[in-house]
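K.L.:
After the structure tokens below, expect a handful of questions from me.
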Amino acid sequence: MEEMRPAEAGDAAAIRALTRAAYAKWVPVIGREPLPMTADYEAAVAKHRFDLLYVDRALAALIETIAQDDHLLIENVAVAPAFQKRGLGRKLMAHADAVAAQAGYALLRLYTNKSFAENVTLYLRLGYAVDREEAFMGGFTVYMSKRIRPSD
């Protein structure tokens with residue numbers, strides 16, 4: 001059984017643990033901890049929207065979004081290793097589309113490390129386009145966006 005709910009302040013430790021586990025596979029790829037592994041989740045939960053996806057009452061995945069003036073920014077998508085390859089990331093990305101549309105946004109943005117090739121490929125499949133690449137900490141950040149139709 002799947003259930004999604006908004007995060008509360010008390011969820012910060014669980015969010016941190018899930019994010020650290022989900023991103024651990026990228027440490028050997030880029031030679032450092034990706035930024036989501038070091039984020040201050042107490043502060044982030046207070047400032048950003050987190051939607052938590054539970055599978056059989058276990059926290060399986062999450063998405064963090066930030067409302068901007070003209071778009072919804074997807075700051076973080078993380079799926080616990082035991083739940084990867086089940087389509088939960090796609091489900092969360094579709095959820096972000098719905099959140100953005102309901103808020104009246106016509107644009108979603110995200111960024112990711114270019115070395116996370118499977119993520120870049122997924123985002124392209126989901127309709128995102130590459131806007132630009134910028135050098136960052138010895139690698140490259142890929143900035144992407146997707147236009148959607150806002151809800152009326």
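Residues are named by chain letter and number: chains run A, B, ... in the order of the structure tokens, numbers start at 1 in each chain, and ligands are numbered from 1 in the order shown.
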As a ChimeraX atom specification, please: every residue in range 41-143 of chain A that DSSP puts in strand (DSSP E).

P.N.:
/A:49-55,58-67,72-79,107-113,129-136,139-143

K.L.:
Which residues come within 12 Å of Ala17 in chain A, counting only C-alpha atoms, excluding same-chain residues fewer than 3 positions away, as a ChimeraX atom specification?

P.N.:
/A:11-14,20-24,36-41,59-62,78-81

K.L.:
Only C-alpha atoms, please: the residues just picked out, written as a PDB file, in the first residue's frame.

P.N.:
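Written output follows (part_16.pdb):
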ATOM      1  CA  ASP A  11      10.500  14.122   9.878  1.00  0.00           C
ATOM      2  CA  ALA A  12      13.861  15.855   9.338  1.00  0.00           C
ATOM      3  CA  ALA A  13      15.964  12.973  10.695  1.00  0.00           C
ATOM      4  CA  ALA A  14      14.152  10.398   8.538  1.00  0.00           C
ATOM      5  CA  ARG A  20      21.999   9.940   2.577  1.00  0.00           C
ATOM      6  CA  ALA A  21      21.203   6.325   1.698  1.00  0.00           C
ATOM      7  CA  ALA A  22      19.765   7.222  -1.712  1.00  0.00           C
ATOM      8  CA  TYR A  23      22.712   9.389  -2.747  1.00  0.00           C
ATOM      9  CA  ALA A  24      25.473   7.154  -1.327  1.00  0.00           C
ATOM     10  CA  PRO A  36      21.783  16.662  -0.629  1.00  0.00           C
ATOM     11  CA  MET A  37      23.774  14.393   1.685  1.00  0.00           C
ATOM     12  CA  THR A  38      25.000  17.404   3.666  1.00  0.00           C
ATOM     13  CA  ALA A  39      21.884  19.607   3.696  1.00  0.00           C
ATOM     14  CA  ASP A  40      20.354  21.018   6.878  1.00  0.00           C
ATOM     15  CA  TYR A  41      17.014  19.209   6.777  1.00  0.00           C
ATOM     16  CA  LEU A  59       9.387   5.752   4.121  1.00  0.00           C
ATOM     17  CA  ALA A  60      10.364   4.833   0.574  1.00  0.00           C
ATOM     18  CA  ALA A  61      10.889   8.129  -1.246  1.00  0.00           C
ATOM     19  CA  LEU A  62      10.565  11.878  -1.058  1.00  0.00           C
ATOM     20  CA  ALA A  78      15.351  10.606  -3.299  1.00  0.00           C
ATOM     21  CA  VAL A  79      14.303   6.968  -3.303  1.00  0.00           C
ATOM     22  CA  ALA A  80      15.550   4.581  -0.614  1.00  0.00           C
ATOM     23  CA  PRO A  81      17.831   1.924  -2.133  1.00  0.00           C
TER      24      PRO A  81
END

K.L.:
Could you give me the residues within range 16-110 of chain A that DSSP places in helix (DSSP H, G or I), as a PDB file with N, CA and C atoms, in the first residue's frame?

P.N.:
ATOM      1  N   ARG A  16      16.771  13.041   6.253  1.00  0.00           N
ATOM      2  CA  ARG A  16      18.232  13.012   6.147  1.00  0.00           C
ATOM      3  C   ARG A  16      18.721  11.584   5.906  1.00  0.00           C
ATOM      4  N   ALA A  17      18.224  10.640   6.677  1.00  0.00           N
ATOM      5  CA  ALA A  17      18.678   9.247   6.550  1.00  0.00           C
ATOM      6  C   ALA A  17      18.340   8.677   5.176  1.00  0.00           C
ATOM      7  N   LEU A  18      17.135   8.911   4.702  1.00  0.00           N
ATOM      8  CA  LEU A  18      16.750   8.402   3.384  1.00  0.00           C
ATOM      9  C   LEU A  18      17.605   9.044   2.304  1.00  0.00           C
ATOM     10  N   THR A  19      17.795  10.351   2.383  1.00  0.00           N
ATOM     11  CA  THR A  19      18.569  11.056   1.367  1.00  0.00           C
ATOM     12  C   THR A  19      20.017  10.577   1.352  1.00  0.00           C
ATOM     13  N   ARG A  20      20.612  10.416   2.518  1.00  0.00           N
ATOM     14  CA  ARG A  20      21.999   9.940   2.577  1.00  0.00           C
ATOM     15  C   ARG A  20      22.117   8.540   1.964  1.00  0.00           C
ATOM     16  N   ALA A  21      21.168   7.680   2.262  1.00  0.00           N
ATOM     17  CA  ALA A  21      21.203   6.325   1.698  1.00  0.00           C
ATOM     18  C   ALA A  21      20.997   6.352   0.184  1.00  0.00           C
ATOM     19  N   ALA A  22      20.076   7.170  -0.283  1.00  0.00           N
ATOM     20  CA  ALA A  22      19.765   7.222  -1.712  1.00  0.00           C
ATOM     21  C   ALA A  22      20.927   7.765  -2.535  1.00  0.00           C
ATOM     22  N   TYR A  23      21.632   8.749  -1.995  1.00  0.00           N
ATOM     23  CA  TYR A  23      22.712   9.389  -2.747  1.00  0.00           C
ATOM     24  C   TYR A  23      24.070   8.724  -2.542  1.00  0.00           C
ATOM     25  N   ALA A  24      24.175   7.780  -1.626  1.00  0.00           N
ATOM     26  CA  ALA A  24      25.473   7.154  -1.327  1.00  0.00           C
ATOM     27  C   ALA A  24      26.114   6.534  -2.566  1.00  0.00           C
ATOM     28  N   LYS A  25      25.313   6.015  -3.479  1.00  0.00           N
ATOM     29  CA  LYS A  25      25.867   5.367  -4.679  1.00  0.00           C
ATOM     30  C   LYS A  25      26.621   6.343  -5.578  1.00  0.00           C
ATOM     31  N   TRP A  26      26.372   7.640  -5.401  1.00  0.00           N
ATOM     32  CA  TRP A  26      27.021   8.634  -6.262  1.00  0.00           C
ATOM     33  C   TRP A  26      28.372   9.091  -5.708  1.00  0.00           C
ATOM     34  N   VAL A  27      28.679   8.802  -4.456  1.00  0.00           N
ATOM     35  CA  VAL A  27      29.944   9.255  -3.867  1.00  0.00           C
ATOM     36  C   VAL A  27      31.136   8.762  -4.686  1.00  0.00           C
ATOM     37  N   PRO A  28      31.236   7.467  -5.033  1.00  0.00           N
ATOM     38  CA  PRO A  28      32.387   7.032  -5.828  1.00  0.00           C
ATOM     39  C   PRO A  28      32.383   7.605  -7.249  1.00  0.00           C
ATOM     40  N   VAL A  29      31.226   7.969  -7.759  1.00  0.00           N
ATOM     41  CA  VAL A  29      31.128   8.511  -9.116  1.00  0.00           C
ATOM     42  C   VAL A  29      31.714   9.915  -9.191  1.00  0.00           C
ATOM     43  N   ILE A  30      31.418  10.748  -8.175  1.00  0.00           N
ATOM     44  CA  ILE A  30      31.885  12.140  -8.228  1.00  0.00           C
ATOM     45  C   ILE A  30      33.016  12.436  -7.232  1.00  0.00           C
ATOM     46  N   LEU A  35      25.596  17.277  -2.609  1.00  0.00           N
ATOM     47  CA  LEU A  35      25.099  18.283  -1.669  1.00  0.00           C
ATOM     48  C   LEU A  35      23.873  17.840  -0.871  1.00  0.00           C
ATOM     49  N   PRO A  36      22.919  17.081  -1.459  1.00  0.00           N
ATOM     50  CA  PRO A  36      21.783  16.662  -0.629  1.00  0.00           C
ATOM     51  C   PRO A  36      22.171  15.815   0.583  1.00  0.00           C
ATOM     52  N   MET A  37      23.335  15.207   0.550  1.00  0.00           N
ATOM     53  CA  MET A  37      23.774  14.393   1.685  1.00  0.00           C
ATOM     54  C   MET A  37      24.203  15.263   2.862  1.00  0.00           C
ATOM     55  N   TYR A  41      18.413  19.564   7.016  1.00  0.00           N
ATOM     56  CA  TYR A  41      17.014  19.209   6.777  1.00  0.00           C
ATOM     57  C   TYR A  41      16.055  19.794   7.800  1.00  0.00           C
ATOM     58  N   GLU A  42      16.527  20.138   8.986  1.00  0.00           N
ATOM     59  CA  GLU A  42      15.637  20.839   9.920  1.00  0.00           C
ATOM     60  C   GLU A  42      15.219  22.174   9.298  1.00  0.00           C
ATOM     61  N   ALA A  43      16.179  22.908   8.753  1.00  0.00           N
ATOM     62  CA  ALA A  43      15.878  24.196   8.114  1.00  0.00           C
ATOM     63  C   ALA A  43      15.082  23.999   6.834  1.00  0.00           C
ATOM     64  N   ALA A  44      15.453  23.009   6.046  1.00  0.00           N
ATOM     65  CA  ALA A  44      14.771  22.782   4.765  1.00  0.00           C
ATOM     66  C   ALA A  44      13.302  22.413   4.974  1.00  0.00           C
ATOM     67  N   VAL A  45      13.012  21.560   5.955  1.00  0.00           N
ATOM     68  CA  VAL A  45      11.615  21.170   6.206  1.00  0.00           C
ATOM     69  C   VAL A  45      10.794  22.391   6.631  1.00  0.00           C
ATOM     70  N   ALA A  46      11.423  23.315   7.331  1.00  0.00           N
ATOM     71  CA  ALA A  46      10.715  24.528   7.763  1.00  0.00           C
ATOM     72  C   ALA A  46      10.431  25.474   6.595  1.00  0.00           C
ATOM     73  N   LYS A  47      11.286  25.450   5.565  1.00  0.00           N
ATOM     74  CA  LYS A  47      11.184  26.429   4.468  1.00  0.00           C
ATOM     75  C   LYS A  47      10.596  25.874   3.175  1.00  0.00           C
ATOM     76  N   PRO A  81      17.281   2.990  -1.294  1.00  0.00           N
ATOM     77  CA  PRO A  81      17.831   1.924  -2.133  1.00  0.00           C
ATOM     78  C   PRO A  81      16.935   0.690  -2.243  1.00  0.00           C
ATOM     79  N   ALA A  82      16.304   0.277  -1.168  1.00  0.00           N
ATOM     80  CA  ALA A  82      15.449  -0.922  -1.200  1.00  0.00           C
ATOM     81  C   ALA A  82      14.214  -0.736  -2.075  1.00  0.00           C
ATOM     82  N   PHE A  83      13.889   0.517  -2.415  1.00  0.00           N
ATOM     83  CA  PHE A  83      12.688   0.799  -3.202  1.00  0.00           C
ATOM     84  C   PHE A  83      13.000   1.330  -4.596  1.00  0.00           C
ATOM     85  N   LEU A  88       9.051   4.713  -8.402  1.00  0.00           N
ATOM     86  CA  LEU A  88       8.660   5.706  -7.406  1.00  0.00           C
ATOM     87  C   LEU A  88       9.190   7.096  -7.759  1.00  0.00           C
ATOM     88  N   GLY A  89      10.378   7.169  -8.339  1.00  0.00           N
ATOM     89  CA  GLY A  89      10.911   8.451  -8.774  1.00  0.00           C
ATOM     90  C   GLY A  89      10.016   9.091  -9.829  1.00  0.00           C
ATOM     91  N   ARG A  90       9.578   8.297 -10.787  1.00  0.00           N
ATOM     92  CA  ARG A  90       8.652   8.793 -11.816  1.00  0.00           C
ATOM     93  C   ARG A  90       7.343   9.253 -11.183  1.00  0.00           C
ATOM     94  N   LYS A  91       6.869   8.503 -10.214  1.00  0.00           N
ATOM     95  CA  LYS A  91       5.625   8.867  -9.527  1.00  0.00           C
ATOM     96  C   LYS A  91       5.786  10.219  -8.824  1.00  0.00           C
ATOM     97  N   LEU A  92       6.925  10.433  -8.170  1.00  0.00           N
ATOM     98  CA  LEU A  92       7.164  11.699  -7.493  1.00  0.00           C
ATOM     99  C   LEU A  92       7.304  12.852  -8.492  1.00  0.00           C
ATOM    100  N   MET A  93       7.922  12.585  -9.627  1.00  0.00           N
ATOM    101  CA  MET A  93       8.047  13.628 -10.651  1.00  0.00           C
ATOM    102  C   MET A  93       6.671  13.998 -11.210  1.00  0.00           C
ATOM    103  N   ALA A  94       5.798  13.017 -11.404  1.00  0.00           N
ATOM    104  CA  ALA A  94       4.429  13.304 -11.844  1.00  0.00           C
ATOM    105  C   ALA A  94       3.686  14.095 -10.771  1.00  0.00           C
ATOM    106  N   HIS A  95       3.952  13.772  -9.521  1.00  0.00           N
ATOM    107  CA  HIS A  95       3.359  14.521  -8.404  1.00  0.00           C
ATOM    108  C   HIS A  95       3.798  15.982  -8.463  1.00  0.00           C
ATOM    109  N   ALA A  96       5.075  16.224  -8.745  1.00  0.00           N
ATOM    110  CA  ALA A  96       5.571  17.601  -8.858  1.00  0.00           C
ATOM    111  C   ALA A  96       4.864  18.334  -9.995  1.00  0.00           C
ATOM    112  N   ASP A  97       4.607  17.647 -11.098  1.00  0.00           N
ATOM    113  CA  ASP A  97       3.838  18.260 -12.199  1.00  0.00           C
ATOM    114  C   ASP A  97       2.481  18.730 -11.686  1.00  0.00           C
ATOM    115  N   ALA A  98       1.812  17.870 -10.938  1.00  0.00           N
ATOM    116  CA  ALA A  98       0.477  18.197 -10.420  1.00  0.00           C
ATOM    117  C   ALA A  98       0.540  19.344  -9.417  1.00  0.00           C
ATOM    118  N   VAL A  99       1.531  19.328  -8.532  1.00  0.00           N
ATOM    119  CA  VAL A  99       1.694  20.406  -7.550  1.00  0.00           C
ATOM    120  C   VAL A  99       1.907  21.733  -8.272  1.00  0.00           C
ATOM    121  N   ALA A 100       2.775  21.721  -9.270  1.00  0.00           N
ATOM    122  CA  ALA A 100       3.059  22.950 -10.026  1.00  0.00           C
ATOM    123  C   ALA A 100       1.814  23.448 -10.747  1.00  0.00           C
ATOM    124  N   ALA A 101       1.113  22.539 -11.399  1.00  0.00           N
ATOM    125  CA  ALA A 101      -0.091  22.932 -12.133  1.00  0.00           C
ATOM    126  C   ALA A 101      -1.141  23.509 -11.197  1.00  0.00           C
ATOM    127  N   GLN A 102      -1.348  22.871 -10.055  1.00  0.00           N
ATOM    128  CA  GLN A 102      -2.342  23.358  -9.090  1.00  0.00           C
ATOM    129  C   GLN A 102      -1.966  24.717  -8.526  1.00  0.00           C
TER     130      GLN A 102
END

K.L.:
I'd like the neighbourhood of Val130 in chain A as a PyMOL selection string, where a residue qualifies if any of its atoms comes within 12 Å (using only C-alpha atoms), though same-chain residues fewer than 6 positions away should be ignored.

P.N.:
chain A and resi 109-112+114+120-121+123-124+141-146

K.L.:
In Å, rounded to a single decimal, give me how far CA of Arg57 in chain A is from CA of Arg125 in chain A.

P.N.:
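Distance reported for this atom pair: 29.6 Å.
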
K.L.:
Could you tell me how far CA of Pro6 in chain A lies from CA of Tyr128 in chain A, in Å and to one decimal?

P.N.:
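So the answer is 24.8 Å.
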
K.L.:
How many Å lie between CA of Pro150 in chain A and CA of Asp131 in chain A, rounded to one decimal?

P.N.:
20.8 Å
